[in-house]
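What follows is the content of input.csv, which has CSV, C-alpha atoms:
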```csv
chain,number,residue,atom,x,y,z
U,1,MET,CA,-32.0,22.2,-36.9
U,2,LEU,CA,-33.2,20.7,-33.6
U,3,LYS,CA,-33.4,17.3,-35.2
U,4,LYS,CA,-29.8,17.5,-36.4
U,5,ILE,CA,-28.3,18.5,-33.0
U,6,ALA,CA,-30.6,16.2,-31.0
U,7,PRO,CA,-28.3,13.1,-31.3
U,8,PHE,CA,-25.3,15.1,-30.2
U,9,LEU,CA,-27.2,16.4,-27.2
U,10,PHE,CA,-28.3,12.9,-26.3
U,11,LEU,CA,-24.7,11.7,-26.5
U,12,LEU,CA,-23.5,14.6,-24.4
U,13,LEU,CA,-26.1,13.9,-21.7
U,14,PHE,CA,-25.4,10.2,-21.9
U,15,PHE,CA,-21.7,10.6,-21.2
U,16,GLY,CA,-22.4,13.3,-18.7
U,17,TRP,CA,-24.5,10.9,-16.6
U,18,ALA,CA,-22.3,7.9,-17.3
U,19,ASN,CA,-20.4,6.5,-14.4
U,20,ALA,CA,-16.7,7.2,-13.8
U,21,ALA,CA,-15.9,4.0,-15.5
U,22,SER,CA,-16.3,5.9,-18.8
U,23,ALA,CA,-12.9,7.5,-18.1
U,24,GLY,CA,-10.0,6.3,-20.3
U,25,PHE,CA,-8.6,2.8,-19.7
U,26,GLY,CA,-5.7,0.9,-21.2
U,27,VAL,CA,-2.8,-1.5,-20.5
U,28,SER,CA,1.0,-1.3,-20.9
U,29,PRO,CA,2.5,-3.1,-22.6
U,30,PRO,CA,-0.4,-4.2,-24.8
U,31,ARG,CA,1.5,-7.2,-26.1
U,32,VAL,CA,3.5,-10.1,-24.6
U,33,LYS,CA,6.1,-11.4,-27.1
U,34,ASN,CA,8.9,-13.8,-26.4
U,35,HIS,CA,10.4,-16.2,-29.0
U,36,GLN,CA,13.2,-17.7,-26.9
U,37,LEU,CA,11.2,-19.6,-24.3
U,38,THR,CA,12.2,-23.2,-23.5
U,39,PRO,CA,10.1,-26.1,-22.2
U,40,GLY,CA,10.0,-26.0,-18.4
U,41,SER,CA,10.7,-22.3,-18.0
U,42,ILE,CA,8.7,-19.7,-16.0
U,43,TYR,CA,8.1,-16.4,-17.7
U,44,PRO,CA,6.5,-13.6,-15.6
U,45,VAL,CA,5.3,-10.4,-17.2
U,46,LYS,CA,4.1,-7.3,-15.4
U,47,ILE,CA,1.2,-5.4,-17.0
U,48,MET,CA,0.1,-2.0,-15.8
U,49,LEU,CA,-3.6,-1.3,-15.9
U,50,LEU,CA,-4.0,2.4,-16.6
U,51,ARG,CA,-6.9,4.8,-16.2
U,52,SER,CA,-7.2,8.6,-16.6
U,53,SER,CA,-9.4,9.0,-13.6
U,54,ALA,CA,-9.5,7.2,-10.2
U,55,GLU,CA,-12.5,8.8,-8.4
U,56,GLU,CA,-14.0,5.5,-7.4
U,57,ASP,CA,-13.3,1.7,-7.2
U,58,LEU,CA,-13.6,-0.2,-10.4
U,59,LYS,CA,-14.0,-4.0,-10.9
U,60,ALA,CA,-11.7,-5.6,-13.4
U,61,SER,CA,-12.6,-8.9,-15.1
U,62,VAL,CA,-9.9,-10.9,-16.9
U,63,LYS,CA,-10.6,-13.5,-19.6
U,64,VAL,CA,-7.9,-15.6,-21.3
U,65,ASN,CA,-8.5,-16.5,-25.0
U,66,ALA,CA,-5.7,-18.8,-25.8
U,67,PRO,CA,-6.9,-22.4,-25.9
U,68,GLU,CA,-3.5,-24.0,-26.5
U,69,ILE,CA,-1.8,-22.4,-23.6
U,70,GLU,CA,-4.6,-21.4,-21.2
U,71,SER,CA,-3.4,-23.9,-18.6
U,72,TRP,CA,0.0,-22.3,-18.7
U,73,ILE,CA,-1.3,-18.9,-17.7
U,74,LYS,CA,-1.8,-17.6,-14.1
U,75,ILE,CA,-3.0,-14.1,-13.2
U,76,ASP,CA,-1.6,-13.0,-9.8
U,77,LYS,CA,-4.8,-11.1,-8.9
U,78,GLY,CA,-7.2,-13.8,-10.2
U,79,GLU,CA,-10.0,-13.4,-12.8
U,80,GLU,CA,-11.7,-10.6,-10.9
U,81,PHE,CA,-10.3,-7.9,-8.7
U,82,VAL,CA,-10.8,-4.3,-7.7
U,83,LEU,CA,-8.9,-1.3,-9.0
U,84,PRO,CA,-8.8,0.9,-5.9
U,85,LYS,CA,-10.0,4.4,-5.8
U,86,GLY,CA,-7.1,6.9,-6.1
U,87,ASP,CA,-4.8,4.4,-8.0
U,88,LEU,CA,-4.3,5.5,-11.6
U,89,GLN,CA,-1.9,2.6,-12.2
U,90,VAL,CA,-2.5,-1.0,-10.9
U,91,PRO,CA,0.1,-3.7,-11.6
U,92,MET,CA,-1.0,-7.2,-12.7
U,93,THR,CA,1.5,-10.0,-13.2
U,94,ILE,CA,0.9,-12.7,-15.8
U,95,THR,CA,3.0,-15.8,-15.3
U,96,PHE,CA,3.5,-18.4,-18.0
U,97,ASN,CA,4.5,-21.8,-16.6
U,98,ILE,CA,5.8,-23.7,-19.6
U,99,PRO,CA,5.4,-27.5,-19.1
U,100,ASN,CA,8.5,-29.7,-19.5
U,101,ASN,CA,6.8,-31.7,-22.2
U,102,ALA,CA,5.5,-28.7,-24.2
U,103,LYS,CA,6.1,-28.9,-27.9
U,104,LEU,CA,8.4,-26.5,-29.7
U,105,GLY,CA,6.7,-24.0,-31.9
U,106,ASN,CA,4.6,-20.8,-31.9
U,107,TYR,CA,1.6,-20.0,-29.6
U,108,THR,CA,-0.7,-17.1,-29.8
U,109,GLY,CA,-3.8,-15.7,-28.1
U,110,ASN,CA,-5.0,-12.8,-26.1
U,111,ILE,CA,-6.2,-11.7,-22.7
U,112,ASN,CA,-9.1,-9.3,-22.4
U,113,VAL,CA,-9.5,-7.0,-19.4
U,114,LYS,CA,-12.9,-5.3,-18.8
U,115,VAL,CA,-13.7,-2.8,-16.1
U,116,LEU,CA,-17.0,-1.7,-14.5
U,117,PRO,CA,-18.0,0.2,-11.3
U,118,ALA,CA,-17.3,-1.9,-8.3
U,119,GLY,CA,-20.5,-1.0,-6.4
U,120,ASP,CA,-24.1,-1.4,-7.2
U,121,ASN,CA,-25.5,1.5,-9.2
U,122,PRO,CA,-29.0,0.7,-10.5
U,123,GLY,CA,-30.0,4.2,-11.1
U,124,GLY,CA,-27.0,5.3,-13.1
U,125,VAL,CA,-25.6,4.5,-16.5
U,126,SER,CA,-22.4,2.4,-16.6
U,127,ILE,CA,-20.1,2.0,-19.6
U,128,ALA,CA,-17.8,-1.1,-19.6
U,129,LEU,CA,-14.3,-0.3,-20.8
U,130,GLY,CA,-11.8,-2.8,-21.8
U,131,ALA,CA,-8.3,-3.5,-23.3
U,132,ARG,CA,-6.7,-6.5,-24.9
U,133,ILE,CA,-3.2,-8.0,-24.3
U,134,ASP,CA,-2.0,-9.9,-27.3
U,135,ILE,CA,0.2,-13.0,-26.7
U,136,ASP,CA,2.9,-14.1,-29.1
U,137,LEU,CA,5.2,-16.9,-27.7
U,138,ALA,CA,7.6,-19.4,-29.3
U,139,LEU,CA,9.3,-22.4,-27.7
U,140,THR,CA,12.8,-23.2,-28.8
U,141,ASN,CA,15.6,-25.6,-27.7
U,142,VAL,CA,18.3,-23.0,-28.4
U,143,SER,CA,20.0,-21.6,-25.3
U,144,ASN,CA,20.4,-17.8,-25.0
U,145,SER,CA,22.5,-16.3,-22.2
U,146,ASN,CA,22.2,-12.6,-21.8
U,147,PHE,CA,21.7,-10.0,-19.0
U,148,LEU,CA,21.2,-6.3,-18.3
U,149,VAL,CA,22.8,-4.5,-15.3
U,150,ARG,CA,20.1,-2.3,-13.8
U,151,MET,CA,21.9,-0.9,-10.8
U,152,VAL,CA,25.4,-0.9,-9.1
U,153,SER,CA,26.4,0.3,-5.7
U,154,VAL,CA,29.3,0.0,-3.3
U,155,PRO,CA,28.0,0.2,0.3
U,156,ASP,CA,30.1,2.0,3.0
U,157,PHE,CA,31.3,-0.2,5.8
U,158,GLU,CA,33.0,0.4,9.1
U,159,ARG,CA,35.8,-1.4,11.0
U,160,LEU,CA,35.1,-3.5,14.0
U,161,GLY,CA,35.7,-2.4,17.6
U,162,PRO,CA,37.8,-4.2,20.3
U,163,PRO,CA,39.3,-6.8,20.2
U,164,TRP,CA,39.1,-6.9,16.4
U,165,ASN,CA,40.9,-3.6,15.9
U,166,TRP,CA,43.9,-4.7,18.0
U,167,LYS,CA,47.1,-4.9,15.8
U,168,LEU,CA,47.4,-8.7,16.6
U,169,TRP,CA,44.0,-9.2,14.9
U,170,SER,CA,44.2,-6.6,12.2
U,171,ARG,CA,47.5,-7.9,10.7
U,172,VAL,CA,46.2,-11.5,10.5
U,173,PHE,CA,42.5,-11.3,9.9
U,174,ASP,CA,41.7,-8.1,8.0
U,175,ARG,CA,41.4,-9.8,4.7
U,176,PHE,CA,39.0,-12.3,6.2
U,177,PHE,CA,36.8,-9.7,8.1
U,178,TYR,CA,36.7,-6.8,5.7
U,179,LYS,CA,35.4,-6.8,2.1
U,180,VAL,CA,34.6,-4.2,-0.5
U,181,ARG,CA,31.2,-5.3,-1.7
U,182,VAL,CA,29.8,-4.5,-5.1
U,183,ALA,CA,26.0,-4.9,-5.1
U,184,MET,CA,24.3,-5.3,-8.6
U,185,SER,CA,20.8,-5.6,-9.8
U,186,ILE,CA,20.8,-8.0,-12.8
U,187,GLU,CA,18.0,-8.7,-15.2
U,188,ASN,CA,18.3,-12.0,-17.0
U,189,THR,CA,17.0,-11.5,-20.5
U,190,GLY,CA,18.0,-14.9,-21.7
U,191,ASN,CA,16.4,-18.3,-21.4
U,192,VAL,CA,19.0,-20.0,-19.1
U,193,GLU,CA,20.4,-19.1,-15.7
U,194,THR,CA,23.2,-16.6,-16.1
U,195,ALA,CA,25.4,-14.1,-14.3
U,196,PRO,CA,28.4,-11.9,-15.2
U,197,SER,CA,31.5,-14.1,-15.9
U,198,LYS,CA,33.5,-11.9,-13.5
U,199,VAL,CA,33.6,-8.5,-11.9
U,200,SER,CA,36.9,-6.7,-11.5
U,201,LEU,CA,37.6,-3.9,-9.0
U,202,GLU,CA,40.2,-1.2,-8.8
U,203,VAL,CA,40.3,1.1,-5.7
U,204,TYR,CA,41.9,4.6,-5.9
U,205,ASP,CA,42.3,7.4,-3.5
U,206,LEU,CA,40.1,10.5,-3.9
U,207,THR,CA,42.5,12.0,-6.5
U,208,LYS,CA,41.9,8.9,-8.7
U,209,ARG,CA,45.7,8.8,-9.3
U,210,ASN,CA,47.0,6.3,-6.8
U,211,LEU,CA,45.9,2.7,-7.3
U,212,LEU,CA,45.5,1.1,-3.9
U,213,GLN,CA,44.0,-2.3,-4.7
U,214,THR,CA,43.0,-4.4,-7.6
U,215,SER,CA,41.1,-7.8,-7.5
U,216,GLU,CA,38.3,-9.7,-9.2
U,217,ASP,CA,35.5,-12.1,-8.3
U,218,ARG,CA,34.3,-15.0,-10.5
U,219,THR,CA,32.1,-16.7,-7.9
U,220,LEU,CA,28.8,-14.9,-8.7
U,221,LYS,CA,25.3,-16.2,-8.0
U,222,LYS,CA,23.3,-16.9,-11.2
U,223,ILE,CA,19.9,-15.4,-11.9
U,224,LYS,CA,17.0,-17.4,-13.2
U,225,PRO,CA,15.7,-16.8,-16.7
U,226,PHE,CA,13.3,-13.8,-17.3
U,227,SER,CA,13.8,-12.5,-13.8
U,228,THR,CA,15.7,-9.8,-11.9
U,229,GLY,CA,17.8,-10.5,-8.9
U,230,GLN,CA,20.5,-9.2,-6.6
U,231,ILE,CA,24.2,-10.3,-7.0
U,232,GLU,CA,27.1,-9.3,-4.8
U,233,ALA,CA,30.8,-9.5,-5.6
U,234,ASP,CA,33.1,-9.5,-2.6
U,235,PHE,CA,36.7,-8.3,-2.6
U,236,PRO,CA,38.9,-8.8,0.5
U,237,THR,CA,40.6,-5.6,1.6
U,238,ARG,CA,42.9,-4.0,4.2
U,239,LEU,CA,41.9,-0.4,3.4
U,240,PRO,CA,42.2,1.9,6.4
U,241,VAL,CA,39.6,4.4,7.4
U,242,GLY,CA,39.0,6.9,4.6
U,243,GLN,CA,37.1,7.8,1.4
U,244,TYR,CA,37.8,6.0,-1.9
U,245,TRP,CA,36.9,5.7,-5.6
U,246,SER,CA,36.1,2.4,-7.1
U,247,LYS,CA,36.3,1.5,-10.8
U,248,ILE,CA,34.2,-1.5,-11.6
U,249,ASN,CA,34.2,-3.7,-14.8
U,250,ILE,CA,31.4,-6.2,-15.4
U,251,TYR,CA,32.2,-8.9,-17.9
U,252,LYS,CA,30.3,-11.2,-20.2
U,253,GLU,CA,32.8,-13.9,-21.1
U,254,ASN,CA,35.9,-11.9,-21.8
U,255,GLU,CA,34.2,-8.7,-22.9
U,256,ILE,CA,33.5,-5.7,-20.6
U,257,VAL,CA,29.7,-4.9,-20.9
U,258,ASN,CA,29.4,-2.3,-18.1
U,259,PHE,CA,31.8,0.1,-16.5
U,260,TYR,CA,31.1,2.2,-13.4
U,261,GLU,CA,32.9,4.6,-11.1
U,262,VAL,CA,31.4,4.6,-7.6
U,263,SER,CA,32.7,6.3,-4.4
U,264,PHE,CA,32.6,4.7,-1.0
U,265,SER,CA,34.1,5.1,2.5
U,266,VAL,CA,35.5,3.0,5.3
U,267,GLU,CA,34.5,4.4,8.7
U,268,ASP,CA,35.6,3.9,12.3
U,269,HIS,CA,33.6,1.6,14.5
U,270,GLY,CA,30.2,3.2,15.5
U,271,VAL,CA,30.2,6.0,12.9
U,272,LEU,CA,27.5,4.4,10.6
U,273,GLY,CA,25.3,3.4,13.6
U,274,SER,CA,22.4,1.2,12.7
U,275,GLY,CA,23.2,1.6,9.0
U,276,ALA,CA,26.5,-0.2,9.3
U,277,ARG,CA,26.8,-3.4,7.3
U,278,SER,CA,27.0,-6.4,9.6
U,279,LEU,CA,29.9,-8.8,9.3
U,280,GLY,CA,27.6,-11.4,10.9
U,281,SER,CA,29.0,-14.0,13.2
U,282,TRP,CA,32.2,-14.7,11.3
U,283,PRO,CA,34.5,-12.7,13.6
U,284,TRP,CA,33.2,-14.5,16.7
U,285,LEU,CA,33.3,-17.9,15.0
U,286,THR,CA,37.0,-17.2,14.2
U,287,LEU,CA,37.7,-16.3,17.8
U,288,ALA,CA,35.9,-19.4,19.0
U,289,GLY,CA,37.9,-21.5,16.5
U,290,LEU,CA,41.2,-20.1,17.7
U,291,ILE,CA,40.3,-20.7,21.4
U,292,LEU,CA,39.2,-24.3,20.7
U,293,ALA,CA,42.4,-24.9,18.6
U,294,THR,CA,44.5,-23.7,21.5
U,295,VAL,CA,42.7,-25.8,24.0
U,296,PHE,CA,43.1,-28.9,21.9
U,297,VAL,CA,46.8,-28.2,21.4
U,298,VAL,CA,47.3,-27.9,25.2
U,299,LEU,CA,45.4,-31.0,26.0
U,300,GLY,CA,47.3,-32.9,23.3
U,301,LEU,CA,50.6,-31.8,24.8
U,302,VAL,CA,49.5,-32.8,28.3
U,303,LYS,CA,48.3,-36.2,27.1
U,304,VAL,CA,51.5,-37.1,25.5
U,305,ARG,CA,53.5,-35.7,28.4
U,306,VAL,CA,55.7,-33.4,26.3
U,307,TRP,CA,54.3,-30.2,27.7
U,308,ARG,CA,57.2,-29.9,30.2
U,309,TYR,CA,59.7,-30.0,27.3
U,310,VAL,CA,57.7,-27.4,25.4
U,311,LEU,CA,57.6,-25.2,28.5
U,312,TRP,CA,61.4,-25.7,28.9
U,313,LEU,CA,61.9,-24.6,25.3
U,314,LEU,CA,59.8,-21.5,25.9
U,315,LEU,CA,61.6,-20.6,29.0
U,316,LEU,CA,65.1,-21.3,27.7
U,317,PRO,CA,65.7,-17.8,26.3
U,318,THR,CA,65.0,-16.4,29.7
U,319,LYS,CA,67.7,-18.5,31.5
U,320,PRO,CA,70.5,-15.9,31.1
U,321,LEU,CA,68.1,-13.3,32.4
U,322,ALA,CA,67.2,-15.4,35.4
U,323,LYS,CA,70.9,-16.1,36.1
U,324,ASN,CA,71.8,-12.5,36.0
U,325,ALA,CA,68.8,-11.6,38.1
U,326,GLY,CA,69.8,-14.2,40.7
U,327,ALA,CA,73.4,-12.9,40.8
U,328,ALA,CA,72.1,-9.3,41.2
U,329,ILE,CA,69.8,-10.4,44.0
U,330,GLY,CA,72.6,-12.3,45.7
U,331,GLY,CA,75.0,-9.3,45.5
U,332,ALA,CA,72.4,-7.0,46.9
U,333,ASN,CA,71.7,-9.4,49.8
U,334,LYS,CA,75.4,-9.5,50.7
U,335,LYS,CA,75.7,-5.7,50.6
U,336,PHE,CA,72.6,-5.4,52.8
U,337,TRP,CA,73.9,-7.7,55.6
U,338,LYS,CA,77.3,-6.0,55.4
U,339,TRP,CA,75.6,-2.6,55.9
U,340,VAL,CA,73.6,-4.1,58.8
U,341,SER,CA,76.8,-5.4,60.4
U,342,LYS,CA,78.5,-2.0,60.2
U,343,GLN,CA,75.5,-0.3,61.8
U,344,ALA,CA,75.6,-2.7,64.7
U,345,GLU,CA,79.3,-2.1,65.3
U,346,LYS,CA,78.7,1.7,65.5
U,347,HIS,CA,76.0,1.2,68.1
U,348,LYS,CA,78.3,-0.9,70.3
U,349,ASP,CA,80.9,1.9,70.4
```
If you convert what's in this file into structure tokens, what do you get?
Amino acid sequence: MLKKIAPFLFLLLFFGWANAASAGFGVSPPRVKNHQLTPGSIYPVKIMLLRSSAEEDLKASVKVNAPEIESWIKIDKGEEFVLPKGDLQVPMTITFNIPNNAKLGNYTGNINVKVLPAGDNPGGVSIALGARIDIDLALTNVSNSNFLVRMVSVPDFERLGPPWNWKLWSRVFDRFFYKVRVAMSIENTGNVETAPSKVSLEVYDLTKRNLLQTSEDRTLKKIKPFSTGQIEADFPTRLPVGQYWSKINIYKENEIVNFYEVSFSVEDHGVLGSGARSLGSWPWLTLAGLILATVFVVLGLVKVRVWRYVLWLLLLPTKPLAKNAGAAIGGANKKFWKWVSKQAEKHKD
């Protein structure tokens, strides 16, 4: 009986003494597959290194087994790195830099990741654990444009303070200064640069019954293939302070691929504090441009000696007022001296 259970006892003691590296280890995803790559493209893939216990540092060793494409592959952390104590998940990015002259076709291989204790442990027993990432790539000359919308938001914004909130400015420049901004996180899942063909916006009051504004933006920044980036669609507005609902349509060609309803608010100057969205230097540049334009106009008029005629034209509407004012002053002057004369006559008597 003892002979039968002896091997089990040995295994139990072996794993009981084994180092913490004997904890479970794996990778996610375990396979890199993409059959729409094109020559010259860059394809980054994030791999999560997973372990069930993180009681100590582990040393990871990465080996690429893909002779045809080994020169294309770059590991962001290098061939050896540490999985820190306390981290059950450690990200590793594999980037495939496809040469411009790469031949079309299929390419396969794998990447092995092995882990061992990071420190020296001569007296203990260490078990090396590992996982494999399979590679399955194909190069093509067929373009594929596609994207996924990961997140959409409409940031609150506040109106500017003096002098920008004066009626003179607000009537002329509101549509230049204030914009409803739709911020989108776009993942390009195709093999060419892409972006939504357009984004349309409808703004309603809080009841969602009264349509206040409708507009669209077709000038959207494109995202590089196999990457995620931020895109902003801007819509000039003259909305007053208040809270609103926005209805957002995101298009691919002429088809709506995403629809969102997002609330936002327009606040008075200073309400949002440090969280207010900056309008940058645009308002001040506008003011400086107007001042310079005025100076150039005045200098031009002086140079061609027509400023006196312009001044005469500006003052022409005031001529009747000046005439009436002069007559009134003259009449008052006569009455005053007449009164003075009467007073003098009384004192003589």
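Taking CA of Asn110 (chain U) as the reference point, CA of Ile186 (chain U) is found at 29.4 Å.
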As an exercise, work out the distance from CA of Leu160 (chain U) to CA of Glu202 (chain U) in Å and give it to one decimal place. 23.5 Å
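Considering all atoms listed in the file, the residue among U:Ala332, U:Ile135, U:Leu285, U:Leu37 positioned nearest to Gly190 (chain U) is U:Leu37.
With CA of Glu187 (chain U) on one side and CA of Pro155 (chain U) on the other, the separation reads 20.5 Å.
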Local residues around (34.3, -1.0, -2.1), at most 9 Å away, using all atoms listed in the file, as a PyMOL selection string: chain U and resi 153-157+179-182+201-203+234-235+237+244-246+262-266
Identify the residues within 10 Å of coordinate (-10.6, -6.6, -17.1) (same frame as the file), considering all atoms listed in the file, and give the answer as a list in words. Phe25, Gly26, Val27, Leu49, Leu58, Lys59, Ala60, Ser61, Val62, Lys63, Glu79, Glu80, Phe81, Val82, Leu83, Ile111, Asn112, Val113, Lys114, Val115, Leu116, Ala128, Leu129, Gly130, Ala131 and Arg132 of chain U
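Nearest residue to Ser145 (chain U) among U:Ser200, U:Asn249, U:Ser71, U:Thr194 is U:Thr194, counting only C-alpha atoms.
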Which residue gives the smallest distance to Asp87 (chain U) among U:Ser53, U:Ile75, U:Glu255, U:Gly105, with only C-alpha atoms counted? U:Ser53
Among U:Ile329, U:Ile133, U:Ile94, U:Met151, Val45 (chain U) is approached most closely, using all atoms listed in the file, by U:Ile94
Find the residues near Ser227 (chain U): any atom within 8 Å, counting only C-alpha atoms, skip ones fewer than 5 places away on the same chain, and give them as a ChimeraX atom specification. /U:43-44,187-189
Which is closest to Pro29 (chain U) among U:Tyr260, U:Lys85, U:Asp134, U:Asn100, if we use only C-alpha atoms? U:Asp134
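With all atoms listed in the file as the basis for measurement, U:Leu148 is the residue among U:Leu148, U:Phe176, U:Phe336, U:Val295 that approaches Ile250 (chain U) most closely.
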